[in-house]
Structures are given as structure tokens and as C-alpha cells.
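Accompanying notes for the structure given below.
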Amino acid sequence: MNKCVERLYNGVVKENPTFVQMLGMCPTLAVTSTAINGLGMGLATTAVLVMSNLLVSALRKVIPDKVRIPAFITIIASFVTIVSFLMQAYTPELYDSLGVFISLIVVNCIILGRAEAYASSHPVLPSIFDGLGMGLGFTLGLTLIGILREFLGAGTVFGFTVTKELWDPIAIFSSNPGAFFVLAFLIAGINAFAIRKARKKGEKPKLRRIDTCAGCTNTSCAGRVMACEKIAEEGNAAEAEVKRTGEEAKK
């Protein structure tokens with residue numbers, strides 16, 4: 001059971017798909033105009049994650065290695081279709097609001113990633129909790145972004161009026177560009193907290209960023225600088241290893 005609790009904790013906090021791994025950015029930015037949209041998309045993704053992890057883990061010794069990816073996609077697509085039909089039947093307004101993004105859960109990298117990285121090589125019960133943890137972490141991220149966007153853009157939260165009469169809503173937060181601003185502010189806040197915590201412990205902070213940003217032309221970007229430093233360190237280490245090997249060969 002400790003393993004199951006660990007998978008829940010990792011998915012929600014330590015390996016949160018939205019705020020740590022920066023995965024699933026398409027639905028994160030596209031459907032979070034309101035809190036209910038973010039919650040609905042998160043729960044739909046969670047259901048698919050749990051069921052696909054369960055089936056992939058149960059069939060991990062039966063599915064041939066050469067066709068595992070097509071098999072995983074078929075399993076995921078089947079559960080997405082079931083979730084789509086259920087939402088269309090019981091929550092038609094939410095279904096219409098989310099639109100094509102329900103079907104696009106099939107290509108969500110979080111789901112295929114967990115099937116390949118965890119469920120395909122672990123027992124059923126831990127795989128279920130892995131999917132549940134990742135799904136809840138994804139739901140938490142989408143719902144939080146949706147709450148902030150709805151609050152700033154419409155003065156409401158889950159449809160209930162909060163501050164609409166105190167100031168004019170900032171319309172940009174209700175549109176797609178607003179999602180970038182909210183996500184950027186949240187990641188910046190998380191990074192600031194990580195830096196402060198790391199300084200107290202005298203450690204190097206683990207920043208939330210995309211590791212492949214070394215090719216960015218913005219030379220003042222902290223993420224690009226750190227990525228370039230990492231590449232330089234790896235290059236220096238490789239060069240030193242080559243020299244050492246050459247010297248040993250001469251001897």
C-alpha cells in the first residue's frame with residue numbers, strides 16, 4: 001500500500017504533469033477558460049488514465065513488444081470513446097464546451113507516457129494508483145488555471161459571481177492568450193518558491209522548465225542559460241573522458 005500512496009503523491013505533487021513535467025499543454029491552454037471546463041477535462045483524462053493503465057498492466061505479458069505502442073493507442077482510444085459517449089449522454093453542456101478536445105485525449109502524451117513508462121512494466125494495483133495520481137495532478141493543474149482565468153476574466157468562480165461588481169473583468173484572461181499568462185505566472189511562482197527553498201538548504205534549485213530550450217534565441221532567458229550550461233558541462237565531461245581514454249591507450 002505504501003507503493004500506491006507513493007504513486008498518488010508523485011502524480012499530484014512530485015511529478016505533477018502540468019506544473020512539473022509540463023505535459024499536456026494543449027488542453028491545459030485551450031479548455032481552461034472556466035473552472036468547470038478544467039475540472040471536466042481533468043476528470044475525463046483521469047478516467048482514461050486509470051482504465052488504460054489497468055488494462056495495459058493486466059495485458060503487459062500478453063502484448064508483443066513489437067506492437068505495444070499500437071496496442072496501447074487502441075486501448076486508450078477505446079476508453080476515450082466510452083468517456084466521450086458518457087459525457088455526451090449525461091453532461092451534454094460540458095461535452096459541447098470541451099468539443100474536439102475530448103477526442104484529443106487519445107493523443108495526450110501523459111496517457112501514452114504512463115502506459116509505456118509505468119503500466120507496461122508494473123503490477124495492476126500500483127499502475128491504477130499511478131494513473132489516478134497523474135490524473136488528479138492533471139485535474140488540479142487544469143482546475144487551478146481555470147479558476148484563475150475565470151476569476152480574472154469574468155469575475156466568477158464555477159459560475160458563481162465573486163468580484164464582477166468590484167472591477168471590470170480583464171477580457172484577455174477569458175481568451176486563449178490569457179492561458180499563457182496565467183500558466184507563466186504560476187510556473188514563475190513555483191520556481192521562485194523552489195529557489196528560496198534551495199537557498200535555505202544550500203542546494204541547486206530544480207526549476208520547472210523545458211530542457212530543450214538551448215536553441216532559443218532569447219539569450220537572457222534563465223532556462224536557456226541553464227540548458228546551455230548543462231550542455232557545456234556534458235561536453236567538457238565527454239572531452240575529458242576522451243583525453244583520459246587516449247592517454248590510457250598510449251600507455
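Ordered as shown in the C-alpha cells, chains take letters A, B, and onward, while each chain numbers its residues from 1 and ligands are numbered from 1 in the order shown.
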
Exercise. Find the residues around Gly113 in chain A up to 12 Å (only C-alpha atoms counted), leave out those fewer than 6 positions away in its own chain, and share them as a PyMOL selection string.
Key: chain A and resi 17+21+23-24+49+52-53+56+69+72-73+76+106-107+119-120+130-131+134

Using DSSP secondary structure from the backbone, list all strand (DSSP E or B) positions within range 43-197 of chain A, as a compact mmCIF listing (two decimals) with N, CA, C and O atoms, in the first residue's frame.
# COMPACT_ATOMS: atom_id res chain seq x y z
N THR A 156 -16.06 35.50 -11.87
CA THR A 156 -16.84 34.39 -11.32
C THR A 156 -15.92 33.20 -11.05
O THR A 156 -14.81 33.13 -11.58
N VAL A 157 -16.39 32.26 -10.24
CA VAL A 157 -15.68 31.01 -9.98
C VAL A 157 -16.72 29.90 -9.98
O VAL A 157 -17.68 29.94 -9.20
N PHE A 160 -20.29 31.14 -10.16
CA PHE A 160 -20.81 31.99 -9.09
C PHE A 160 -20.09 33.33 -9.09
O PHE A 160 -18.85 33.38 -9.10
N THR A 161 -20.86 34.41 -9.05
CA THR A 161 -20.27 35.75 -9.07
C THR A 161 -19.46 36.01 -7.81
O THR A 161 -19.91 35.76 -6.70

Quiz prompt | DSSP-assigned alpha helix (DSSP H) among range 44-199 of chain A, expressed as an MDAnalysis selection string | solution = chainID A and resid 44:58 68:90 92:98 109:117 124:154 176:199

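With only C-alpha atoms as the basis for measurement, A:Gly135 is the residue among A:Gly135, A:Pro123, A:Gly99, A:Pro64 that approaches Tyr9 in chain A most closely.
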
Wanna dump the range 28-85 of chain A-range 147-152 of chain A contacts at 7 Å for me, each residue with its shortest atom pair and the distance in Å to one decimal, counting only C-alpha atoms, ordered by chain and number, as CSV?
residue,atom,partner,partner_atom,distance
A:Ser33,CA,A:Arg149,CA,5.9
A:Thr34,CA,A:Glu150,CA,5.0
A:Ala35,CA,A:Ile147,CA,4.6

For the residues selected in the previous step, produce a file with N, CA, C and O atoms as a PDB file, in the first residue's frame.
ATOM      1  N   SER A  33     -10.744  28.005 -19.924  1.00  0.00           N
ATOM      2  CA  SER A  33     -11.340  29.338 -19.840  1.00  0.00           C
ATOM      3  C   SER A  33     -12.250  29.467 -18.621  1.00  0.00           C
ATOM      4  O   SER A  33     -12.485  30.570 -18.124  1.00  0.00           O
ATOM      5  N   THR A  34     -12.777  28.336 -18.137  1.00  0.00           N
ATOM      6  CA  THR A  34     -13.583  28.327 -16.910  1.00  0.00           C
ATOM      7  C   THR A  34     -13.133  27.169 -16.026  1.00  0.00           C
ATOM      8  O   THR A  34     -12.541  26.198 -16.502  1.00  0.00           O
ATOM      9  N   ALA A  35     -13.440  27.281 -14.748  1.00  0.00           N
ATOM     10  CA  ALA A  35     -13.033  26.239 -13.800  1.00  0.00           C
ATOM     11  C   ALA A  35     -13.724  24.915 -14.091  1.00  0.00           C
ATOM     12  O   ALA A  35     -13.114  23.849 -13.971  1.00  0.00           O
TER      13      ALA A  35
END

Practice problem: Go through A:Gly11, A:Ser78, A:Val50, A:Val20 one by one, measure the shortest atom-to-atom distance of each to Asn191 in chain A using only C-alpha atoms, and give the residue with the smallest value. | Solution: A:Val20

Exercise. Using only C-alpha atoms, find the one residue out of A:Arg7, A:Ala44, A:His122, A:Lys201 that sits nearest to Leu142 in chain A.
Key: A:Ala44

Exercise. Would you mind reading off the distance between CA of Thr139 in chain A and CA of Thr45 in chain A, one decimal, in Å?
Key: 8.1 Å

Quiz prompt | Within 9 Å of Asp168 in chain A using only C-alpha atoms, minus same-chain residues under 4 positions, as a PyMOL selection string | solution = chain A and resi 153-155+163-164

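Across the model, the gap from CA of Pro92 in chain A to CA of Ile128 in chain A is 27.8 Å.
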
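Shortest separation to Tyr95 in chain A among A:Val31, A:Val48, A:Leu186, A:Ala77 occurs at residue A:Val31, atoms counted being only C-alpha atoms.
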
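Straight-line separation from CA of Ala117 in chain A to CA of Ile145 in chain A: 27.0 Å.
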
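Each of A:Met41, A:Thr18, A:Val5, A:Pro126 was checked against Ala184 in chain A using only C-alpha atoms; the smallest atom-to-atom distance is that of A:Thr18.
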